[in-house]
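Below is the file work_4.txt, which contains compact mmCIF, C-alpha atoms and all ligand atoms.
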```
# COMPACT_ATOMS: atom_id res chain seq x y z
CA MET A 1 -112.64 90.80 50.72
CA GLN A 2 -113.39 91.03 46.98
CA ARG A 3 -113.19 87.66 45.24
CA VAL A 4 -111.08 87.16 42.12
CA ALA A 5 -112.73 84.97 39.47
CA LEU A 6 -111.32 83.49 36.25
CA VAL A 7 -113.74 82.47 33.50
CA THR A 8 -112.08 80.63 30.60
CA GLY A 9 -113.55 81.39 27.17
CA SER A 10 -115.40 84.51 28.28
CA SER A 11 -115.18 86.51 25.04
CA ARG A 12 -118.67 85.37 23.98
CA GLY A 13 -121.49 82.91 24.59
CA ILE A 14 -122.16 81.42 28.02
CA GLY A 15 -118.71 82.33 29.38
CA PHE A 16 -119.21 86.02 28.60
CA GLU A 17 -122.57 86.00 30.40
CA VAL A 18 -121.09 84.20 33.44
CA ALA A 19 -118.25 86.75 33.59
CA ARG A 20 -120.74 89.61 33.24
CA GLN A 21 -122.95 88.31 36.06
CA LEU A 22 -120.05 87.57 38.43
CA ALA A 23 -118.62 91.06 37.82
CA ALA A 24 -122.03 92.65 38.41
CA ARG A 25 -122.24 90.74 41.74
CA GLY A 26 -118.92 92.24 42.87
CA ASP A 27 -116.18 89.82 41.78
CA ARG A 28 -113.00 91.04 40.06
CA VAL A 29 -113.21 88.94 36.89
CA ILE A 30 -110.41 87.84 34.58
CA VAL A 31 -111.92 87.74 31.09
CA THR A 32 -110.14 85.50 28.59
CA SER A 33 -110.01 84.62 24.92
CA ARG A 34 -107.45 83.04 22.62
CA ARG A 35 -107.19 86.50 21.03
CA ARG A 36 -106.06 89.41 23.16
CA GLU A 37 -108.30 91.91 21.31
CA SER A 38 -111.41 89.78 21.92
CA ALA A 39 -110.60 89.56 25.63
CA GLU A 40 -110.10 93.34 25.77
CA LYS A 41 -113.34 94.03 23.93
CA ALA A 42 -115.32 91.70 26.23
CA ALA A 43 -113.74 93.10 29.42
CA LYS A 44 -114.59 96.63 28.26
CA ARG A 45 -118.24 95.61 27.74
CA ILE A 46 -118.35 93.93 31.17
CA GLY A 47 -116.72 96.84 33.00
CA HIS A 48 -116.45 96.64 36.81
CA ASP A 49 -112.64 96.73 36.62
CA SER A 50 -112.56 93.34 34.89
CA ILE A 51 -109.17 92.24 33.59
CA PRO A 52 -108.62 90.99 30.02
CA HIS A 53 -106.03 88.28 29.42
CA GLU A 54 -105.11 85.96 26.59
CA LEU A 55 -105.65 82.24 27.27
CA ASP A 56 -105.58 79.21 25.00
CA VAL A 57 -106.47 76.24 27.23
CA SER A 58 -105.02 73.81 24.69
CA ARG A 59 -101.53 75.30 25.20
CA GLU A 60 -99.63 74.74 28.43
CA ASP A 61 -97.38 77.80 27.87
CA SER A 62 -100.48 80.01 27.60
CA ILE A 63 -101.92 78.52 30.84
CA ASP A 64 -98.60 79.04 32.60
CA ALA A 65 -98.37 82.67 31.41
CA LEU A 66 -101.83 83.40 32.84
CA GLY A 67 -100.95 81.60 36.09
CA SER A 68 -97.81 83.71 36.47
CA PHE A 69 -99.79 86.88 35.74
CA ILE A 70 -102.36 86.06 38.45
CA GLU A 71 -99.63 85.19 40.98
CA ARG A 72 -97.66 88.36 40.22
CA GLU A 73 -100.42 90.94 39.76
CA LEU A 74 -103.37 89.67 41.80
CA ARG A 75 -101.86 87.14 44.25
CA GLN A 76 -105.33 85.65 44.73
CA LEU A 77 -107.83 83.39 42.99
CA ASP A 78 -111.14 82.32 44.50
CA VAL A 79 -113.32 81.22 41.59
CA LEU A 80 -112.36 79.20 38.52
CA VAL A 81 -114.95 78.54 35.83
CA ASN A 82 -113.62 76.07 33.25
CA ASN A 83 -115.99 77.09 30.46
CA ALA A 84 -113.90 77.12 27.25
CA ALA A 85 -114.58 74.14 24.98
CA ILE A 86 -114.89 73.13 21.35
CA LEU A 87 -117.39 70.95 19.47
CA LEU A 88 -116.02 69.49 16.23
CA ASP A 89 -117.83 66.24 15.50
CA GLU A 90 -121.58 66.77 15.76
CA GLY A 91 -123.57 64.10 13.90
CA ARG A 92 -120.61 61.85 13.05
CA PRO A 93 -120.18 58.21 14.07
CA LEU A 94 -117.07 57.68 16.21
CA SER A 95 -115.41 55.47 13.57
CA SER A 96 -115.34 58.38 11.10
CA VAL A 97 -114.01 61.03 13.49
CA PRO A 98 -110.49 62.05 12.39
CA ALA A 99 -107.91 61.32 15.08
CA SER A 100 -106.84 64.98 14.88
CA ASP A 101 -110.39 66.13 15.83
CA PHE A 102 -110.55 63.65 18.72
CA GLU A 103 -107.17 64.85 19.97
CA ALA A 104 -107.99 68.57 19.58
CA THR A 105 -111.29 68.05 21.44
CA PHE A 106 -109.63 66.27 24.35
CA ARG A 107 -106.82 68.83 24.41
CA ALA A 108 -109.26 71.76 24.79
CA ASN A 109 -112.10 70.14 26.75
CA VAL A 110 -110.21 67.78 29.09
CA PHE A 111 -106.50 68.56 29.19
CA GLY A 112 -107.37 72.28 29.29
CA PRO A 113 -109.47 72.22 32.49
CA PHE A 114 -107.03 69.70 34.04
CA LEU A 115 -103.98 71.88 33.36
CA VAL A 116 -105.69 75.17 34.28
CA THR A 117 -106.96 73.76 37.59
CA LYS A 118 -103.61 72.11 38.35
CA ARG A 119 -101.68 75.33 37.59
CA LEU A 120 -103.99 77.43 39.75
CA ALA A 121 -104.46 74.89 42.57
CA PRO A 122 -101.87 76.55 44.88
CA LEU A 123 -103.81 79.84 44.72
CA LEU A 124 -107.17 78.08 45.12
CA ARG A 125 -105.86 76.20 48.17
CA LYS A 126 -105.08 79.54 49.82
CA SER A 127 -108.60 80.88 49.27
CA ALA A 128 -111.14 80.83 52.09
CA GLN A 129 -113.96 80.64 49.53
CA ALA A 130 -112.62 78.56 46.62
CA ARG A 131 -115.13 77.47 43.98
CA VAL A 132 -114.40 75.51 40.79
CA VAL A 133 -117.12 75.06 38.18
CA ASN A 134 -116.53 72.78 35.19
CA VAL A 135 -118.96 73.54 32.39
CA SER A 136 -119.95 70.12 31.13
CA SER A 137 -122.91 68.98 29.04
CA GLY A 138 -125.82 66.57 29.09
CA ALA A 139 -123.94 64.99 26.16
CA GLY A 140 -121.36 63.80 28.71
CA GLN A 141 -123.86 61.83 30.81
CA LEU A 142 -122.76 58.17 30.68
CA SER A 143 -126.19 57.03 31.85
CA SER A 144 -127.88 58.43 28.71
CA MET A 145 -125.02 58.81 26.22
CA THR A 146 -125.89 58.83 22.51
CA SER A 147 -123.72 59.15 19.40
CA TYR A 148 -124.59 62.90 19.16
CA ALA A 149 -120.98 64.14 18.96
CA PRO A 150 -118.65 61.30 19.95
CA SER A 151 -115.37 63.00 20.90
CA TYR A 152 -117.22 65.96 22.46
CA SER A 153 -119.47 63.61 24.51
CA ALA A 154 -116.50 61.49 25.63
CA SER A 155 -114.57 64.66 26.53
CA LYS A 156 -117.39 65.90 28.76
CA ALA A 157 -117.65 62.47 30.48
CA ALA A 158 -113.90 62.74 31.16
CA LEU A 159 -114.38 66.30 32.45
CA ASN A 160 -117.01 64.96 34.86
CA ALA A 161 -114.52 62.35 36.11
CA ILE A 162 -111.91 65.08 36.63
CA THR A 163 -114.47 67.04 38.62
CA ILE A 164 -114.89 64.18 41.11
CA LEU A 165 -111.11 63.77 41.40
CA PHE A 166 -110.42 67.49 41.96
CA ALA A 167 -113.25 67.64 44.50
CA SER A 168 -111.43 65.09 46.67
CA ASP A 169 -108.05 66.76 45.98
CA LEU A 170 -108.97 70.42 46.68
CA ARG A 171 -110.57 69.80 50.05
CA ASN A 172 -111.09 73.47 50.88
CA ALA A 173 -112.96 74.13 47.62
CA ARG A 174 -116.43 73.36 46.29
CA VAL A 175 -115.76 71.65 42.92
CA ASN A 176 -118.73 70.80 40.71
CA CYS A 177 -119.74 70.34 37.09
CA VAL A 178 -122.85 71.56 35.35
CA ASP A 179 -124.94 71.04 32.22
CA PRO A 180 -126.18 74.49 31.11
CA GLY A 181 -128.82 73.00 28.77
CA TRP A 182 -129.07 73.78 25.05
CA VAL A 183 -128.19 77.46 24.72
CA ARG A 184 -128.26 79.96 21.82
CA THR A 185 -124.55 80.63 21.20
CA ASP A 186 -122.08 80.08 18.36
CA MET A 187 -121.79 76.48 19.62
CA GLY A 188 -125.47 75.88 20.41
CA GLY A 189 -126.86 77.58 17.26
CA SER A 190 -129.88 79.81 16.84
CA SER A 191 -132.55 77.09 17.33
CA ALA A 192 -131.57 76.41 20.94
CA PRO A 193 -134.39 77.09 23.42
CA ARG A 194 -132.27 78.75 26.15
CA SER A 195 -130.87 82.26 26.36
CA VAL A 196 -127.32 82.80 27.62
CA GLU A 197 -128.84 84.18 30.85
CA GLU A 198 -130.67 80.87 31.39
CA GLY A 199 -127.52 78.90 30.49
CA ALA A 200 -125.38 80.93 32.90
CA ASP A 201 -127.74 80.59 35.86
CA GLY A 202 -126.57 77.18 37.15
CA ILE A 203 -122.92 78.10 36.61
CA VAL A 204 -123.17 81.34 38.58
CA TRP A 205 -125.11 79.49 41.29
CA LEU A 206 -122.25 76.96 41.67
CA ALA A 207 -119.64 79.75 41.56
CA THR A 208 -121.37 81.49 44.46
CA LEU A 209 -122.26 78.46 46.63
CA PRO A 210 -122.03 78.93 50.38
CA GLY A 211 -119.15 77.22 52.20
CA ASN A 212 -121.38 74.29 53.21
CA GLY A 213 -122.62 73.79 49.63
CA PRO A 214 -122.19 70.55 47.68
CA THR A 215 -118.92 69.41 46.14
CA GLY A 216 -118.14 66.70 43.58
CA GLY A 217 -121.60 66.82 41.96
CA PHE A 218 -123.11 67.17 38.48
CA PHE A 219 -125.98 69.68 38.21
CA HIS A 220 -128.63 70.93 35.79
CA ASP A 221 -131.03 73.74 36.70
CA ARG A 222 -129.56 73.77 40.25
CA LYS A 223 -130.48 70.10 40.77
CA ARG A 224 -128.14 67.10 41.00
CA ILE A 225 -128.31 64.84 37.92
CA ALA A 226 -127.03 61.34 37.09
CA TRP A 227 -123.46 60.90 35.83
N1 LIG B 301 -124.30 76.16 23.82
C1 LIG B 301 -124.83 75.03 24.27
O1 LIG B 301 -125.96 74.64 23.88
C2 LIG B 301 -124.08 74.19 25.27
C3 LIG B 301 -124.72 73.02 25.77
C4 LIG B 301 -124.07 72.25 26.72
C5 LIG B 301 -122.81 72.62 27.16
N2 LIG B 301 -122.21 73.76 26.64
C6 LIG B 301 -120.87 74.11 27.16
O2 LIG B 301 -120.88 75.46 27.60
C7 LIG B 301 -119.58 76.03 27.43
C8 LIG B 301 -119.67 77.33 26.64
O3 LIG B 301 -120.25 77.04 25.40
P1 LIG B 301 -120.76 78.18 24.39
O4 LIG B 301 -121.97 77.64 23.73
O5 LIG B 301 -120.80 79.49 25.06
O6 LIG B 301 -119.56 78.13 23.32
P2 LIG B 301 -119.10 79.21 22.22
O7 LIG B 301 -120.19 80.16 21.95
O8 LIG B 301 -118.53 78.41 21.10
O9 LIG B 301 -117.91 79.98 22.99
C9 LIG B 301 -116.76 79.26 23.30
C10 LIG B 301 -115.82 80.10 24.13
O10 LIG B 301 -114.68 79.30 24.41
C11 LIG B 301 -113.52 79.95 23.93
N3 LIG B 301 -112.56 78.93 23.48
C12 LIG B 301 -112.71 77.98 22.55
N4 LIG B 301 -111.58 77.24 22.45
C13 LIG B 301 -110.71 77.74 23.35
C14 LIG B 301 -109.39 77.42 23.75
N5 LIG B 301 -108.68 76.44 23.15
N6 LIG B 301 -108.81 78.14 24.72
C15 LIG B 301 -109.47 79.15 25.32
N7 LIG B 301 -110.72 79.53 24.99
C16 LIG B 301 -111.33 78.83 24.01
C17 LIG B 301 -113.99 80.92 22.86
O11 LIG B 301 -113.13 82.05 22.88
P3 LIG B 301 -112.27 82.62 21.64
O12 LIG B 301 -112.78 82.02 20.36
O13 LIG B 301 -112.45 84.11 21.73
O14 LIG B 301 -110.88 82.19 21.97
C18 LIG B 301 -115.35 81.34 23.41
O15 LIG B 301 -115.22 82.37 24.34
C19 LIG B 301 -118.73 74.93 26.76
O16 LIG B 301 -118.01 74.23 27.75
C20 LIG B 301 -119.77 74.04 26.13
O17 LIG B 301 -119.29 72.72 25.93
C21 LIG B 301 -122.81 74.53 25.72
```
Can the structure from this file be put into structure tokens for me?
Ligand SMILES: NC(=O)c1ccc[n+]([C@@H]2O[C@H](COP(=O)([O-])OP(=O)(O)OC[C@H]3O[C@@H](n4cnc5c(N)ncnc54)[C@H](OP(=O)(O)O)[C@@H]3O)[C@@H](O)[C@H]2O)c1
Amino acid sequence: MQRVALVTGSSRGIGFEVARQLAARGDRVIVTSRRRESAEKAAKRIGHDSIPHELDVSREDSIDALGSFIERELRQLDVLVNNAAILLDEGRPLSSVPASDFEATFRANVFGPFLVTKRLAPLLRKSAQARVVNVSSGAGQLSSMTSYAPSYSASKAALNAITILFASDLRNARVNCVDPGWVRTDMGGSSAPRSVEEGADGIVWLATLPGNGPTGGFFHDRKRIAW
């Protein structure tokens, strides 16, 4: 049976490449952006019957609207890639980060994946091949955390914690998080050493794990890394 996959923030960057690769491998992919036109444009480029839909992960009504659409029109979800995120405070010490930036970062990077996964959990529980991939960052590693981008780094550490908790909650699924490395995108900038293809590799690998694959882990280049 064809899998249905949702990739949040798949209008551009790493998310677009993940959606493109999953569609090329045979999944029916739901391509999302905060702007409907961007989702439609990306889905058209991806082809393979992919489905554009609006999604703002920082808004619960938007998450609920997408959940209802999937329940009504597709009645199935097998793969969830929580990729959408924002980076607002690069190079700033934590004490000078505006509370509004800290809150917006946690709303998109932590609350977003939590609410999306929670809303879609009933569909994922019904899947015989459920996979959840949380796109994290090396910046979220507690064991080597620096002041690189304080609210972003803290948000990714929290996303890693949520990954462990959902892995024990969604017993039928493989739930993991991944650091894609430093990738040339709007977020990563043009000096980054990795292409989007290289950044997407570990994410697609986790989204296509076999049923006996790992769950509750943090990976980089297909290898487990420290929290
Ligand atoms: N690039 C890197 O070097 C790097 C390194 C480590 C980890 N990561 C992680 O990899 C993931 C993808 O990063 P990227 O570099 O591809 O980022 P990007 O180029 O900035 O793209 C971000 C994507 O997320 C979407 N997005 C942003 N806020 C959203 C929201 N509130 N609701 C829904 N969608 C939203 C954007 O869509 P619209 O603007 O169309 O809505 C866009 O599709 C992120 O989780 C990031 O933290 C990236």
At most 8 Å from ligand LIG 301 (chain B) (all atoms listed in the file): residue list as a tab-separated table (two decimals) with C-alpha atoms, in the coordinates of the input:
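Output file selection.tsv follows:
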```
chain	number	residue	atom	x	y	z
A	8	THR	CA	-112.08	80.63	30.60
A	9	GLY	CA	-113.55	81.39	27.17
A	10	SER	CA	-115.40	84.51	28.28
A	11	SER	CA	-115.18	86.51	25.04
A	12	ARG	CA	-118.67	85.37	23.98
A	13	GLY	CA	-121.49	82.91	24.59
A	14	ILE	CA	-122.16	81.42	28.02
A	15	GLY	CA	-118.71	82.33	29.38
A	16	PHE	CA	-119.21	86.02	28.60
A	32	THR	CA	-110.14	85.50	28.59
A	33	SER	CA	-110.01	84.62	24.92
A	34	ARG	CA	-107.45	83.04	22.62
A	35	ARG	CA	-107.19	86.50	21.03
A	38	SER	CA	-111.41	89.78	21.92
A	39	ALA	CA	-110.60	89.56	25.63
A	55	LEU	CA	-105.65	82.24	27.27
A	56	ASP	CA	-105.58	79.21	25.00
A	57	VAL	CA	-106.47	76.24	27.23
A	58	SER	CA	-105.02	73.81	24.69
A	59	ARG	CA	-101.53	75.30	25.20
A	82	ASN	CA	-113.62	76.07	33.25
A	83	ASN	CA	-115.99	77.09	30.46
A	84	ALA	CA	-113.90	77.12	27.25
A	85	ALA	CA	-114.58	74.14	24.98
A	86	ILE	CA	-114.89	73.13	21.35
A	87	LEU	CA	-117.39	70.95	19.47
A	107	ARG	CA	-106.82	68.83	24.41
A	108	ALA	CA	-109.26	71.76	24.79
A	109	ASN	CA	-112.10	70.14	26.75
A	112	GLY	CA	-107.37	72.28	29.29
A	134	ASN	CA	-116.53	72.78	35.19
A	135	VAL	CA	-118.96	73.54	32.39
A	136	SER	CA	-119.95	70.12	31.13
A	137	SER	CA	-122.91	68.98	29.04
A	138	GLY	CA	-125.82	66.57	29.09
A	139	ALA	CA	-123.94	64.99	26.16
A	152	TYR	CA	-117.22	65.96	22.46
A	156	LYS	CA	-117.39	65.90	28.76
A	179	ASP	CA	-124.94	71.04	32.22
A	180	PRO	CA	-126.18	74.49	31.11
A	181	GLY	CA	-128.82	73.00	28.77
A	182	TRP	CA	-129.07	73.78	25.05
A	183	VAL	CA	-128.19	77.46	24.72
A	184	ARG	CA	-128.26	79.96	21.82
A	185	THR	CA	-124.55	80.63	21.20
A	186	ASP	CA	-122.08	80.08	18.36
A	187	MET	CA	-121.79	76.48	19.62
A	188	GLY	CA	-125.47	75.88	20.41
A	189	GLY	CA	-126.86	77.58	17.26
A	192	ALA	CA	-131.57	76.41	20.94
A	194	ARG	CA	-132.27	78.75	26.15
A	196	VAL	CA	-127.32	82.80	27.62
A	199	GLY	CA	-127.52	78.90	30.49
```
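Closest approach to Gln21 of chain A among A:Leu77, A:Met1, A:Leu209, A:Ile46 is made by A:Ile46 (distances from all atoms listed in the file).
Atom CA of Val7 of chain A is positioned 14.3 Å from atom CA of Val178 of chain A.
Minimum atom-to-atom distances from A:Ala104, A:His220, A:His48, A:Gln76 to Ser127 of chain A were compared using only C-alpha atoms, and the lowest value belongs to A:Gln76.
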* To do: Write out as a list in words the residues lying within 9 Å of Asp201 of chain A, counting only C-alpha atoms and excluding same-chain residues fewer than 6 positions away.
  => Val18, Pro180, Asp221 and Arg222 of chain A
* Asked: How many Å separate atom CA of Gln2 of chain A from atom CA of Arg28 of chain A?
  ->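 Answer for the atom CA of Gln2 of chain A to atom CA of Arg28 of chain A separation: 6.9 Å.
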* Near-Ile70 of chain A list (12 Å; only C-alpha atoms; drop same-chain fewer than 6 positions) as an NGL selection string -> :A and (4-6 or 28-30 or 51-53 or 63-64 or 76-78 or 119-120 or 122-124)
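When only C-alpha atoms are used to compute distances to Thr117 of chain A, the closest of the residues A:Val81, A:Leu94, A:Leu142, A:Leu88 turns out to be A:Val81.
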* Asked: Hey, can you check how far atom CA of Phe166 of chain A sits from atom CA of Ser151 of chain A?
  -> 22.1 Å
* **Neighbours of point (-122.2, 79.7, 52.3) within 12 Å, using all atoms listed in the file, written as a ChimeraX atom specification** => /A:128-131,173-174,205-214
Could you dump the residues just selected with C-alpha atoms as a CSV table (one decimal), in the frame of the given file?
```csv
chain,number,residue,atom,x,y,z
A,128,ALA,CA,-111.1,80.8,52.1
A,129,GLN,CA,-114.0,80.6,49.5
A,130,ALA,CA,-112.6,78.6,46.6
A,131,ARG,CA,-115.1,77.5,44.0
A,173,ALA,CA,-113.0,74.1,47.6
A,174,ARG,CA,-116.4,73.4,46.3
A,205,TRP,CA,-125.1,79.5,41.3
A,206,LEU,CA,-122.2,77.0,41.7
A,207,ALA,CA,-119.6,79.8,41.6
A,208,THR,CA,-121.4,81.5,44.5
A,209,LEU,CA,-122.3,78.5,46.6
A,210,PRO,CA,-122.0,78.9,50.4
A,211,GLY,CA,-119.2,77.2,52.2
A,212,ASN,CA,-121.4,74.3,53.2
A,213,GLY,CA,-122.6,73.8,49.6
A,214,PRO,CA,-122.2,70.6,47.7
```
* For Ala24 of chain A, the nearest of the candidates A:Val204, A:Cys177, A:Ala226, A:Ala121, counting all atoms listed in the file ->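 Closest to Ala24 of chain A of all the choices is A:Val204.
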* **Best match for closeness to Pro113 of chain A among A:Thr163, A:Gly140, A:Glu71, A:Leu66, counting only C-alpha atoms** => A:Thr163
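Distance check against Gly216 of chain A using all atoms listed in the file: of A:Val132, A:Ala158, A:Ile203, A:Leu22, the minimum falls on A:Val132.
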* Asked: Can you tell me, as a list in words, what residues are no more than 7 Å from Trp227 of chain A when counting only C-alpha atoms, ignoring any on the same chain fewer than 5 positions away?
  -> Gln141, Leu142, Ser143 and Phe218 of chain A
